[in-house]
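Peer 1: One structure coming up, written as structure tokens, with questions to follow.
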Amino acid sequence: MELLDRPVWSSLASLHAELALGDALAKRYRAEINRFASARDDGDAALTALTRLVRPAESVFVLQVPEIRVPPGLVASQRAIGVQMVAAERIAPEAGPDAVLALGDADAQEMLALATLTQPGPFLRHTHRMGRFVGIRIDGRLAAMAGERFRFPGYTEVSGVCTHPDFRERGLARRLSRHVAAGIAARGDRAFLHAWKSNTAAIRLYESLGFRLRCEVNVAVLERAAGPG
């Protein structure tokens, strides 16, 4: 399970290699896909390689279990603590009155608008290409969605879970989370996810679905240090 300690690196170095930029020491997602980046380890060479991947006036997200060392030439503009949870059992889908629909390129603008409104985590116009996404439409509007983010052998992350404020308190996030997790299990992977440590409501929801806390994770937003003058 040590692959889970650096899920961004594990993903970029394996099943998401086609979405990656970088080398054997550090990698990041292409700018239109997502803002996550990772060094292979916390050695000086890998951290220097990570610095080279961050362009001026740009920021990247780092998420890992080990304490984050800020590479030379970068600064941490934000830091936070999250939790990593792993499915402890096979999660079954849940029936409901509204159809669960596959989402793709044709839905990209609506997905981005929903994620921008609800802030489930970094989400860009092509983030949905990281994995399978599903949603529920009510009266033609995208009411809720959920999908997959980091993927590496044996594991796939449930992510992008969000509901429009007009459609909350209907159990949509719960139903879509179960649907995504069930799909992950059906292809032989184990589902995992991340939540902010402070988001106790989300943690309770995921525990009720069968996810269990594995560990805390460190999150930082890194950007170029200001030059002299």
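Ordered as shown in the structure tokens, chains take letters A, B, and onward, while each chain numbers its residues from 1 and ligands are numbered from 1 in the order shown.
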Contacts of Met130 in chain A at 9 Å or less, counting only C-alpha atoms, minus same-chain residues fewer than 2 places along, as an MDAnalysis selection string?

Peer 2: chainID A and resid 16 19 33:34 126:128 132:133 147:151

Peer 1: Would you mind listing what lies within 9 Å of range 161-163 of chain A as a list of chain:residue names, with only C-alpha atoms counted and same-chain residues fewer than 2 positions away left out?

Peer 2: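 Counting only C-alpha atoms, the residues come to A:Leu114, A:Ala115, A:Thr118, A:Gln119, A:Pro120, A:Leu142, A:Ala143, A:Ala144, A:Met145, A:Ala146, A:Gly147, A:Val158, A:Ser159, A:Pro165, A:Asp166, A:Phe167, A:Arg168, A:Leu172, A:Ala173, A:Arg174, A:Leu176, A:Ser177.
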
Peer 1: Let's see if you can do this: from backbone DSSP, list all strand (DSSP E) residues in range 40-226 of chain A, as number ranges by chain.

Peer 2: A: 59-64, 74-87, 101-103, 133-138, 141-152, 155-163, 190-196, 211-224

Peer 1: For Ala182 in chain A, find every residue with an atom within 12 Å (counting only C-alpha atoms), except residues of its own chain fewer than 3 positions away, and show them as a ChimeraX atom specification.

Peer 2: /A:87,89-94,147-148,156-158,175-179,185-192,209-210

Peer 1: Would you put the residues from that selection into a file with C-alpha atoms, as an mmCIF file, in the first residue's frame?

Peer 2:
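Contents of result-v3.cif, as written:
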```
data_model
loop_
_atom_site.group_PDB
_atom_site.id
_atom_site.type_symbol
_atom_site.label_atom_id
_atom_site.label_comp_id
_atom_site.auth_asym_id
_atom_site.auth_seq_id
_atom_site.Cartn_x
_atom_site.Cartn_y
_atom_site.Cartn_z
ATOM 1 C CA ALA A 87 -12.682 1.052 0.858
ATOM 2 C CA GLU A 89 -15.348 -3.706 1.658
ATOM 3 C CA ARG A 90 -16.927 -4.036 -1.769
ATOM 4 C CA ILE A 91 -19.325 -1.130 -2.239
ATOM 5 C CA ALA A 92 -22.557 -1.810 -4.146
ATOM 6 C CA PRO A 93 -24.457 0.722 -6.267
ATOM 7 C CA GLU A 94 -27.653 2.252 -4.943
ATOM 8 C CA GLY A 147 -15.723 10.485 -10.922
ATOM 9 C CA GLU A 148 -12.206 9.120 -10.811
ATOM 10 C CA THR A 156 -8.465 4.199 -8.242
ATOM 11 C CA GLU A 157 -9.508 7.361 -6.424
ATOM 12 C CA VAL A 158 -13.107 8.540 -6.108
ATOM 13 C CA ARG A 175 -25.547 7.651 -4.637
ATOM 14 C CA LEU A 176 -22.932 8.808 -7.145
ATOM 15 C CA SER A 177 -20.045 8.005 -4.792
ATOM 16 C CA ARG A 178 -21.390 4.472 -4.422
ATOM 17 C CA HIS A 179 -21.807 4.173 -8.192
ATOM 18 C CA ALA A 185 -14.459 -2.630 -7.612
ATOM 19 C CA ALA A 186 -16.047 -4.271 -10.655
ATOM 20 C CA ARG A 187 -12.811 -3.941 -12.617
ATOM 21 C CA GLY A 188 -10.766 -5.364 -9.738
ATOM 22 C CA ASP A 189 -9.379 -2.154 -8.219
ATOM 23 C CA ARG A 190 -9.761 -0.884 -4.691
ATOM 24 C CA ALA A 191 -11.373 2.527 -4.251
ATOM 25 C CA PHE A 192 -9.763 5.244 -2.149
ATOM 26 C CA LEU A 209 -20.346 3.882 2.543
ATOM 27 C CA GLY A 210 -17.628 1.513 3.775
#
```

Peer 1: Range 68-138 of chain A near range 56-59 of chain A within 12 Å: what's each residue's closest atom pair and its distance in Å to one decimal, counting only C-alpha atoms, ordered by chain then ascending residue number, as a Markdown table?

Peer 2:
```
| residue | atom | partner | partner_atom | distance |
| --- | --- | --- | --- | --- |
| A:Gly73 | CA | A:Pro56 | CA | 10.7 |
| A:Leu74 | CA | A:Ser59 | CA | 9.4 |
| A:Val75 | CA | A:Ser59 | CA | 9.6 |
| A:Ala76 | CA | A:Ser59 | CA | 9.3 |
| A:Ser77 | CA | A:Ser59 | CA | 8.8 |
| A:Gln78 | CA | A:Ser59 | CA | 10.3 |
| A:Pro122 | CA | A:Ser59 | CA | 11.3 |
```

Peer 1: Can I get the selection written as a PDB file, in the first residue's frame, with all heavy atoms?

Peer 2:
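Okay, result_11.pdb is ready:
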```
ATOM      1  N   GLY A  73      13.600  27.417  -4.639  1.00  0.00           N
ATOM      2  CA  GLY A  73      13.021  28.219  -5.698  1.00  0.00           C
ATOM      3  C   GLY A  73      11.511  28.290  -5.675  1.00  0.00           C
ATOM      4  O   GLY A  73      10.907  29.050  -6.446  1.00  0.00           O
ATOM      5  N   LEU A  74      10.864  27.501  -4.804  1.00  0.00           N
ATOM      6  CA  LEU A  74       9.418  27.533  -4.659  1.00  0.00           C
ATOM      7  C   LEU A  74       9.044  27.951  -3.245  1.00  0.00           C
ATOM      8  O   LEU A  74       9.857  27.852  -2.318  1.00  0.00           O
ATOM      9  CB  LEU A  74       8.807  26.161  -4.963  1.00  0.00           C
ATOM     10  CG  LEU A  74       9.049  25.567  -6.350  1.00  0.00           C
ATOM     11  CD1 LEU A  74       8.349  24.224  -6.475  1.00  0.00           C
ATOM     12  CD2 LEU A  74       8.596  26.516  -7.453  1.00  0.00           C
ATOM     13  N   VAL A  75       7.824  28.402  -3.082  1.00  0.00           N
ATOM     14  CA  VAL A  75       7.288  28.715  -1.754  1.00  0.00           C
ATOM     15  C   VAL A  75       5.925  28.055  -1.628  1.00  0.00           C
ATOM     16  O   VAL A  75       5.238  27.821  -2.630  1.00  0.00           O
ATOM     17  CB  VAL A  75       7.154  30.238  -1.517  1.00  0.00           C
ATOM     18  CG1 VAL A  75       8.526  30.896  -1.508  1.00  0.00           C
ATOM     19  CG2 VAL A  75       6.265  30.879  -2.569  1.00  0.00           C
ATOM     20  N   ALA A  76       5.541  27.760  -0.397  1.00  0.00           N
ATOM     21  CA  ALA A  76       4.214  27.187  -0.135  1.00  0.00           C
ATOM     22  C   ALA A  76       3.264  28.330   0.195  1.00  0.00           C
ATOM     23  O   ALA A  76       3.360  28.937   1.257  1.00  0.00           O
ATOM     24  CB  ALA A  76       4.288  26.189   1.009  1.00  0.00           C
ATOM     25  N   SER A  77       2.350  28.620  -0.730  1.00  0.00           N
ATOM     26  CA  SER A  77       1.391  29.695  -0.492  1.00  0.00           C
ATOM     27  C   SER A  77       0.224  29.228   0.370  1.00  0.00           C
ATOM     28  O   SER A  77      -0.447  30.042   1.004  1.00  0.00           O
ATOM     29  CB  SER A  77       0.871  30.244  -1.822  1.00  0.00           C
ATOM     30  OG  SER A  77       0.233  29.230  -2.578  1.00  0.00           O
ATOM     31  N   GLN A  78      -0.019  27.919   0.412  1.00  0.00           N
ATOM     32  CA  GLN A  78      -1.066  27.348   1.259  1.00  0.00           C
ATOM     33  C   GLN A  78      -0.629  25.965   1.726  1.00  0.00           C
ATOM     34  O   GLN A  78       0.059  25.254   0.987  1.00  0.00           O
ATOM     35  CB  GLN A  78      -2.386  27.216   0.504  1.00  0.00           C
ATOM     36  CG  GLN A  78      -2.988  28.512   0.006  1.00  0.00           C
ATOM     37  CD  GLN A  78      -4.272  28.286  -0.755  1.00  0.00           C
ATOM     38  OE1 GLN A  78      -5.202  27.648  -0.258  1.00  0.00           O
ATOM     39  NE2 GLN A  78      -4.340  28.796  -1.976  1.00  0.00           N
ATOM     40  N   PRO A 122      -9.161  20.830  -7.013  1.00  0.00           N
ATOM     41  CA  PRO A 122      -8.740  21.371  -8.316  1.00  0.00           C
ATOM     42  C   PRO A 122      -9.471  20.664  -9.463  1.00  0.00           C
ATOM     43  O   PRO A 122      -9.442  19.447  -9.557  1.00  0.00           O
ATOM     44  CB  PRO A 122      -7.234  21.079  -8.345  1.00  0.00           C
ATOM     45  CG  PRO A 122      -6.842  20.942  -6.911  1.00  0.00           C
ATOM     46  CD  PRO A 122      -8.022  20.355  -6.216  1.00  0.00           C
TER      47      PRO A 122
END
```

Peer 1: Expressed in Å to a single decimal, how great is the separation between CA of Ile136 in chain A and CA of Ala195 in chain A?

Peer 2: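 That distance, rounded to one decimal, is 21.9 Å.
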
Peer 1: Step one, run DSSP on the backbone; step two, keep only residues of range 15-202 of chain A assigned to alpha helix (DSSP H); then write them as a compact mmCIF listing (two decimals) with C-alpha atoms, in the first residue's frame.

Peer 2:
```txt
# COMPACT_ATOMS: atom_id res chain seq x y z
CA ASP A 44 17.49 17.09 -3.41
CA ALA A 45 17.66 15.95 -7.04
CA ALA A 46 13.95 15.12 -7.22
CA LEU A 47 12.92 18.37 -5.53
CA THR A 48 15.09 20.40 -7.92
CA ALA A 49 13.43 18.58 -10.83
CA LEU A 50 10.03 19.49 -9.40
CA THR A 51 10.99 23.16 -9.31
CA ARG A 52 11.79 23.04 -13.02
CA ALA A 108 -17.14 19.47 -19.92
CA GLN A 109 -18.35 23.05 -19.62
CA GLU A 110 -21.19 22.12 -17.25
CA MET A 111 -18.87 19.93 -15.17
CA LEU A 112 -16.38 22.78 -14.85
CA ALA A 113 -19.13 25.22 -13.86
CA LEU A 114 -20.44 22.85 -11.18
CA ALA A 115 -16.95 22.20 -9.79
CA THR A 116 -16.12 25.91 -9.81
CA LEU A 117 -19.29 26.62 -7.84
CA THR A 118 -18.87 23.85 -5.27
CA LEU A 172 -27.17 12.51 -4.78
CA ALA A 173 -23.54 12.66 -3.62
CA ARG A 174 -23.98 9.43 -1.68
CA ARG A 175 -25.55 7.65 -4.64
CA LEU A 176 -22.93 8.81 -7.15
CA SER A 177 -20.05 8.01 -4.79
CA ARG A 178 -21.39 4.47 -4.42
CA HIS A 179 -21.81 4.17 -8.19
CA VAL A 180 -18.21 5.21 -8.89
CA ALA A 181 -16.79 3.01 -6.12
CA ALA A 182 -18.81 0.03 -7.36
CA GLY A 183 -17.44 0.52 -10.87
CA ILE A 184 -13.90 0.61 -9.52
CA ALA A 185 -14.46 -2.63 -7.61
CA ALA A 186 -16.05 -4.27 -10.65
CA THR A 200 -16.30 15.95 9.17
CA ALA A 201 -19.60 15.69 7.28
CA ALA A 202 -17.87 14.24 4.21
```

Peer 1: For Arg214 in chain A, list every protein, DNA or RNA residue within 8 Å, evaluated using only C-alpha atoms, and leave out those in the same chain fewer than 5 positions away; present the list as a PyMOL selection string.

Peer 2: chain A and resi 83-86

Peer 1: Considering only C-alpha atoms, can you say which of A:Ala99, A:Ile138, A:Ala225, A:Val217 comes closest to Val8 in chain A?

Peer 2: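 Using only C-alpha atoms, the shortest distance to Val8 in chain A belongs to A:Val217.
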
Peer 1: Between CA of Ser208 in chain A and CA of Arg79 in chain A, measure the distance and give it in Å to one decimal.

Peer 2: 28.0 Å

Peer 1: Closest to Leu213 in chain A among A:Gly104, A:Gly121, A:Gly154, A:Gly82, using only C-alpha atoms?

Peer 2: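 Counting only C-alpha atoms, the residue closest to Leu213 in chain A is A:Gly82.
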
Peer 1: Which of these residues is nearest to Leu12 in chain A, using only C-alpha atoms: A:Gln64, A:Asp105, A:Glu32, A:Ala39?

Peer 2: A:Ala39
